[in-house]
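Engineer: Contents of model_6.txt (compact mmCIF, C-alpha atoms and all ligand atoms) are given next:
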```txt
# COMPACT_ATOMS: atom_id res chain seq x y z
CA MET A 21 164.91 146.01 107.12
CA SER A 22 165.06 143.33 109.74
CA GLU A 23 163.13 140.13 109.23
CA PRO A 24 160.79 138.88 111.97
CA GLU A 25 162.48 136.79 114.60
CA PHE A 26 162.72 133.11 113.70
CA THR A 27 161.29 130.64 116.21
CA PRO A 28 162.02 127.02 115.35
CA ARG A 29 159.43 124.31 116.00
CA ARG A 30 162.19 122.04 117.21
CA ALA A 31 165.71 122.95 118.31
CA MET A 32 168.78 121.12 119.55
CA SER A 33 171.37 122.69 121.84
CA ILE A 34 174.73 120.90 121.68
CA HIS A 35 177.41 121.73 124.27
CA ALA A 36 180.50 120.18 125.86
CA HIS A 37 179.82 120.54 129.59
CA PRO A 38 176.92 120.90 131.96
CA ASP A 39 176.51 124.72 132.47
CA ASP A 40 177.93 125.79 129.05
CA GLN A 41 174.46 126.18 127.62
CA ASP A 42 173.23 128.09 130.64
CA PHE A 43 176.04 130.64 130.60
CA THR A 44 175.46 131.32 126.91
CA VAL A 45 172.17 130.50 125.17
CA ALA A 46 169.66 129.60 127.91
CA GLY A 47 167.63 132.80 127.46
CA THR A 48 167.03 131.96 123.81
CA LEU A 49 166.15 128.33 124.55
CA ALA A 50 163.69 129.37 127.28
CA LYS A 51 162.12 131.90 124.93
CA TRP A 52 161.70 129.33 122.18
CA ALA A 53 160.34 126.72 124.62
CA ARG A 54 157.80 129.24 125.91
CA ALA A 55 156.68 129.80 122.31
CA GLY A 56 156.02 126.07 121.88
CA CYS A 57 159.36 124.91 120.48
CA GLU A 58 160.50 121.44 121.51
CA VAL A 59 164.06 121.87 122.71
CA ILE A 60 166.48 118.94 123.03
CA SER A 61 169.62 119.55 125.07
CA VAL A 62 172.68 117.44 124.24
CA ILE A 63 175.54 117.45 126.74
CA LEU A 64 178.64 115.73 125.37
CA THR A 65 180.62 115.28 128.63
CA SER A 66 179.25 115.16 132.15
CA GLY A 67 181.82 117.64 133.45
CA GLU A 68 183.44 115.17 135.81
CA GLY A 69 186.72 117.12 135.66
CA GLY A 70 185.09 120.22 137.14
CA SER A 71 186.75 120.28 140.55
CA ASN A 72 190.09 121.55 141.82
CA ASP A 73 189.42 120.55 145.40
CA PRO A 74 192.55 118.67 146.61
CA ALA A 75 190.25 116.32 148.53
CA HIS A 76 188.77 115.11 145.24
CA GLU A 77 190.68 112.30 143.58
CA ALA A 78 189.97 110.14 140.54
CA GLY A 79 187.34 108.13 142.40
CA TYR A 80 185.28 111.28 142.78
CA LYS A 81 184.82 111.70 139.03
CA PRO A 82 181.80 109.40 138.61
CA ILE A 83 180.21 111.00 141.67
CA LEU A 84 180.75 114.49 140.25
CA ALA A 85 179.42 113.37 136.85
CA LYS A 86 176.16 112.32 138.53
CA ILE A 87 175.93 115.55 140.50
CA ARG A 88 176.47 117.62 137.38
CA GLU A 89 173.97 115.69 135.29
CA GLY A 90 171.45 116.29 138.07
CA GLU A 91 172.25 120.02 138.01
CA GLN A 92 171.85 120.19 134.23
CA SER A 93 168.56 118.31 134.30
CA ALA A 94 167.26 120.69 136.99
CA ALA A 95 168.38 123.68 134.94
CA ASN A 96 166.72 122.30 131.82
CA LYS A 97 163.46 121.81 133.69
CA ILE A 98 163.46 125.53 134.52
CA LEU A 99 164.07 126.41 130.86
CA GLY A 100 161.22 124.20 129.65
CA ILE A 101 163.50 121.84 127.74
CA LYS A 102 161.77 118.70 126.58
CA GLU A 103 164.60 116.19 126.72
CA THR A 104 168.21 116.10 127.90
CA ILE A 105 170.69 113.65 126.41
CA TYR A 106 174.06 112.89 128.04
CA LEU A 107 176.67 111.33 125.75
CA ARG A 108 179.22 110.92 128.60
CA CYS A 109 182.41 111.52 126.61
CA PRO A 110 185.48 112.11 128.83
CA ASP A 111 185.60 115.67 130.21
CA GLY A 112 188.75 117.58 129.29
CA GLU A 113 189.56 115.19 126.47
CA LEU A 114 186.83 115.94 123.96
CA GLU A 115 187.96 115.66 120.37
CA PRO A 116 186.09 116.41 117.15
CA THR A 117 186.30 112.82 115.91
CA VAL A 118 184.29 111.30 113.09
CA ALA A 119 182.91 108.77 115.60
CA LEU A 120 181.47 111.56 117.77
CA ARG A 121 180.18 113.40 114.73
CA LYS A 122 178.35 110.22 113.79
CA GLU A 123 176.73 110.02 117.25
CA VAL A 124 175.57 113.61 116.97
CA THR A 125 174.42 113.07 113.38
CA LYS A 126 172.27 110.21 114.61
CA LEU A 127 170.67 112.48 117.23
CA ILE A 128 169.98 115.18 114.62
CA ARG A 129 168.41 112.64 112.26
CA ARG A 130 166.34 111.16 115.09
CA HIS A 131 165.01 114.44 116.53
CA LYS A 132 164.94 116.49 113.31
CA PRO A 133 165.61 119.97 114.75
CA GLU A 134 164.98 123.00 112.55
CA ALA A 135 167.69 124.86 114.45
CA VAL A 136 170.89 123.70 116.12
CA VAL A 137 172.55 125.92 118.72
CA THR A 138 176.22 125.57 119.64
CA GLY A 139 179.43 127.56 120.12
CA ASP A 140 181.63 129.15 117.49
CA PRO A 141 183.95 126.47 116.08
CA GLN A 142 186.48 129.17 115.16
CA ALA A 143 186.81 130.65 118.64
CA VAL A 144 190.21 130.12 120.23
CA PHE A 145 190.79 133.39 122.13
CA TYR A 146 188.26 135.71 123.77
CA GLY A 147 189.79 139.12 124.39
CA ASN A 148 193.14 138.78 126.12
CA GLY A 149 191.88 136.98 129.19
CA TYR A 150 190.17 133.75 128.16
CA ILE A 151 191.44 130.86 126.06
CA ASN A 152 188.39 128.98 124.84
CA HIS A 153 188.29 125.55 126.43
CA PRO A 154 189.27 122.99 123.75
CA ASP A 155 186.21 120.89 124.70
CA HIS A 156 183.99 123.87 123.77
CA ARG A 157 185.65 124.18 120.40
CA ALA A 158 185.51 120.42 119.79
CA ALA A 159 181.78 120.38 120.62
CA ALA A 160 181.18 123.30 118.26
CA GLN A 161 183.13 121.61 115.46
CA VAL A 162 181.30 118.33 115.90
CA ALA A 163 177.89 120.03 115.98
CA THR A 164 178.65 122.23 112.97
CA TYR A 165 179.87 119.43 110.76
CA ALA A 166 177.11 117.07 111.92
CA VAL A 167 174.63 119.72 110.75
CA PHE A 168 176.51 120.03 107.47
CA PRO A 169 177.29 117.83 105.71
CA SER A 170 176.61 114.70 107.75
CA ALA A 171 172.96 114.95 108.81
CA GLY A 172 171.65 115.69 105.34
CA SER A 173 173.93 113.48 103.27
CA ARG A 174 172.31 110.18 102.49
CA LEU A 175 175.42 108.18 101.75
CA VAL A 176 177.45 109.47 104.69
CA PHE A 177 177.30 107.03 107.64
CA VAL A 178 175.28 104.49 105.65
CA ASP A 179 174.86 102.28 108.69
CA LEU A 180 172.69 105.03 110.19
CA LEU A 181 170.56 104.78 107.08
CA ASP A 182 170.36 101.00 107.58
CA GLU A 183 169.14 101.66 111.13
CA GLY A 184 166.34 103.82 109.73
CA TYR A 185 167.85 107.29 110.29
CA GLU A 186 166.91 109.14 107.14
CA PRO A 187 168.81 112.33 106.20
CA HIS A 188 167.58 115.55 107.80
CA ASN A 189 168.35 119.12 106.78
CA VAL A 190 168.74 121.61 109.62
CA LYS A 191 167.47 125.04 108.55
CA ARG A 192 169.55 127.27 110.82
CA LEU A 193 172.73 126.91 112.80
CA TYR A 194 173.10 129.37 115.71
CA LEU A 195 176.67 129.96 116.89
CA HIS A 196 177.14 131.82 120.16
CA GLY A 197 180.26 133.80 121.02
CA PRO A 198 181.23 134.77 117.44
CA GLU A 199 183.63 137.57 116.72
CA LYS A 200 181.02 139.29 114.56
CA PRO A 201 177.41 138.52 115.50
CA ASP A 202 174.68 139.03 112.89
CA THR A 203 171.58 138.01 114.85
CA TRP A 204 170.31 139.16 118.23
CA VAL A 205 167.65 137.35 120.25
CA GLU A 206 166.02 139.55 122.87
CA ILE A 207 165.88 137.70 126.19
CA THR A 208 164.43 140.44 128.40
CA ASP A 209 161.47 138.21 129.30
CA THR A 210 163.51 135.06 129.96
CA ILE A 211 166.74 136.32 131.54
CA ASP A 212 165.30 135.45 134.96
CA LEU A 213 164.94 131.82 133.81
CA LYS A 214 168.50 131.88 132.47
CA ILE A 215 169.82 133.05 135.83
CA ALA A 216 167.69 130.53 137.74
CA ALA A 217 168.91 127.72 135.48
CA LEU A 218 172.52 128.78 135.90
CA LYS A 219 172.14 128.80 139.67
CA LYS A 220 171.33 125.09 139.53
CA HIS A 221 175.01 124.44 138.76
CA ALA A 222 175.91 124.77 142.42
CA SER A 223 178.92 122.43 142.23
CA GLN A 224 180.58 124.98 139.93
CA LEU A 225 179.26 128.30 141.21
CA LYS A 226 179.71 127.55 144.91
CA ASP A 227 178.66 130.78 146.69
CA TRP A 228 179.02 133.02 143.66
CA ASP A 229 175.85 134.69 142.40
CA PRO A 230 176.02 134.97 138.58
CA GLU A 231 173.12 137.43 138.25
CA LYS A 232 175.13 140.64 137.93
CA MET A 233 177.53 139.24 135.34
CA ILE A 234 174.78 137.63 133.24
CA CYS A 235 172.79 140.89 133.22
CA GLU A 236 175.89 142.87 132.23
CA TRP A 237 176.72 140.47 129.39
CA ALA A 238 173.13 140.51 128.11
CA GLU A 239 172.99 144.31 128.34
CA GLU A 240 176.22 144.61 126.39
CA GLU A 241 174.98 142.23 123.69
CA GLY A 242 171.62 144.01 123.37
CA LYS A 243 172.92 147.58 123.46
CA GLU A 244 173.60 147.96 119.76
CA LYS A 245 170.11 146.73 118.84
CA GLY A 246 168.19 148.72 121.45
CA MET A 247 167.30 145.59 123.41
CA LYS A 248 167.48 145.57 127.18
CA TYR A 249 168.89 142.05 127.33
CA ALA A 250 169.99 139.90 124.38
CA GLU A 251 172.01 136.90 123.29
CA ALA A 252 174.02 137.44 120.11
CA TYR A 253 174.78 134.90 117.41
CA LYS A 254 176.22 134.28 114.03
CA VAL A 255 173.46 132.38 112.23
CA MET A 256 174.01 130.20 109.20
CA ILE A 257 170.78 130.06 107.19
CA LEU A 258 171.04 126.73 105.41
CA GLU A 259 167.49 126.41 104.20
CA HIS A 260 165.02 129.23 103.74
CA GLU A 261 161.42 129.05 104.87
CA GLU A 262 158.93 127.99 102.19
CA GLY A 263 157.91 130.87 100.01
CA HIS A 264 161.30 132.58 100.36
CA ASP A 265 164.62 131.94 98.73
ZN ZN B 301 182.51 124.42 129.61
```
Once more with this new file: its structure as structure tokens, please.

Structural biologist:
Amino acid sequence: MSEPEFTPRRAMSIHAHPDDQDFTVAGTLAKWARAGCEVISVILTSGEGGSNDPAHEAGYKPILAKIREGEQSAANKILGIKETIYLRCPDGELEPTVALRKEVTKLIRRHKPEAVVTGDPQAVFYGNGYINHPDHRAAAQVATYAVFPSAGSRLVFVDLLDEGYEPHNVKRLYLHGPEKPDTWVEITDTIDLKIAALKKHASQLKDWDPEKMICEWAEEEGKEKGMKYAEAYKVMILEHEEGHD
């Protein structure tokens, strides 16, 4: 028996680069936003390393960071995301430090999401053709361990407590790109928003149209569950809804 689909009242998406969220979980976020969920999008780096154009030197990095933040904000507007937060860590050098975990913990305690959405912290290789970017894995590790134990543990990061950030327990952690998914979110009604959001990342896509690939991925993920288009997750259920245990 499958339980009814969970829609959080508030959710936080935490990713390393502008566009990561839109390649992966944007259909889910748009669906939740449409249902009234307040979605906060946290982007840890501004993707200022995202150019291999020989004409672009170090001085171009702050310019590219601005361009990419603009692209992400435009994408998030399409998805119905309430707020976008840029932490501006250095692109390509993201590490799962305690200092960064503390920053993310502070955001979780401030915004109190019921669900946090991020990548799989265990993912190193995808198939035999893609090595997961270490920034992606670092972002996923930071988000996972900020959710548990840091956000809910009163005496961890006590200076946050002094600043008024009370502990907060996230109910569900959604990890995209797991080896073995256990939860499928149907995105048939929001895949068009996902594609439109992704297209806002013009500095990365150039002339390439991502529609065909995104539809193929979503078809593949939904196939097993009889869904036309889906995004698949491993979901950690950390706190059950009232009335259930
Ligand atoms: Zn990325």

Engineer: Between A:Lys214, A:His37, A:Arg192, A:Lys232, single out the one closest to Glu259 of chain A, counting all atoms listed in the file.

Structural biologist: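 The answer is A:Arg192, which sits nearest to Glu259 of chain A.
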
Engineer: For each of A:Ala50, A:Ala31, A:Ile257, A:Ala171, take the minimum atom-to-atom distance to Asn96 of chain A, counting all atoms listed in the file, then give the residue where this is smallest.

Structural biologist: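 Looking only at the distances to Asn96 of chain A, the closest residue turns out to be A:Ala50.
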
Engineer: Quick one: pull the distance between atom CA of Lys219 of chain A and atom CA of Lys248 of chain A, Å, one decimal.

Structural biologist: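 Between atom CA of Lys219 of chain A and atom CA of Lys248 of chain A the gap works out to 21.4 Å.
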
Engineer: Which residues form the shell of 8 Å around ligand ZN 301 (chain B) when you count all atoms listed in the file, given as a list of chain:residue names?

Structural biologist: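 Listing the residues within 8 Å of ligand ZN 301 (chain B) gives A:His35, A:Ala36, A:His37, A:Pro38, A:Asp39, A:Asp40, A:Gly67, A:His153, A:Asp155, A:His156.
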
Engineer: For Ile211 of chain A, find every residue with an atom within 9 Å (counting only C-alpha atoms), except residues of its own chain fewer than 4 positions away, and show them as a PyMOL selection string.

Structural biologist: chain A and resi 46-48+50+207+215-216+234-235+238+249-250

Engineer: Find the distance between atom CA of Glu68 of chain A and atom CA of Tyr146 of chain A and write it in Å to one decimal.

Structural biologist: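 About the pair atom CA of Glu68 of chain A and atom CA of Tyr146 of chain A: they are 24.3 Å apart.
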
Engineer: Report, in Å with one decimal, the straight-line distance from atom CA of Leu258 of chain A to atom CA of Phe177 of chain A.

Structural biologist: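 According to the coordinates, atom CA of Leu258 of chain A and atom CA of Phe177 of chain A are separated by 20.8 Å.
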
Engineer: Tell me which protein, DNA and RNA residues are within 10 Å of segment 72-84 of chain A, counting all atoms listed in the file, leaving out same-chain ones fewer than 5 positions away, and put them as a ChimeraX atom specification.

Structural biologist: /A:66-67,89-90,111,223

Engineer: Any chance you could build segment 81-92 of chain A out to N, CA and C atoms and write it as a short mmCIF file (atom, residue, chain, number, x, y, z; two decimals), in the coordinates of the input?

Structural biologist:
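Output below, filename out37.cif:
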```
data_model
loop_
_atom_site.label_atom_id
_atom_site.label_comp_id
_atom_site.auth_asym_id
_atom_site.auth_seq_id
_atom_site.Cartn_x
_atom_site.Cartn_y
_atom_site.Cartn_z
N LYS A 81 185.33 111.28 140.35
CA LYS A 81 184.82 111.70 139.03
C LYS A 81 183.42 111.16 138.70
N PRO A 82 183.17 109.85 138.89
CA PRO A 82 181.80 109.40 138.61
C PRO A 82 180.75 110.02 139.52
N ILE A 83 181.16 110.36 140.75
CA ILE A 83 180.21 111.00 141.67
C ILE A 83 179.89 112.40 141.15
N LEU A 84 180.95 113.13 140.76
CA LEU A 84 180.75 114.49 140.25
C LEU A 84 179.94 114.47 138.95
N ALA A 85 180.19 113.48 138.11
CA ALA A 85 179.42 113.37 136.85
C ALA A 85 177.92 113.28 137.17
N LYS A 86 177.58 112.48 138.14
CA LYS A 86 176.16 112.32 138.53
C LYS A 86 175.58 113.62 139.07
N ILE A 87 176.38 114.27 139.93
CA ILE A 87 175.93 115.55 140.50
C ILE A 87 175.66 116.54 139.37
N ARG A 88 176.59 116.61 138.43
CA ARG A 88 176.47 117.62 137.38
C ARG A 88 175.35 117.31 136.39
N GLU A 89 175.12 116.04 136.13
CA GLU A 89 173.97 115.69 135.29
C GLU A 89 172.67 116.11 135.99
N GLY A 90 172.64 115.88 137.30
CA GLY A 90 171.45 116.29 138.07
C GLY A 90 171.25 117.80 138.00
N GLU A 91 172.34 118.55 138.09
CA GLU A 91 172.25 120.02 138.01
C GLU A 91 171.75 120.45 136.64
N GLN A 92 172.27 119.80 135.58
CA GLN A 92 171.85 120.19 134.23
C GLN A 92 170.37 119.85 133.99
#
```
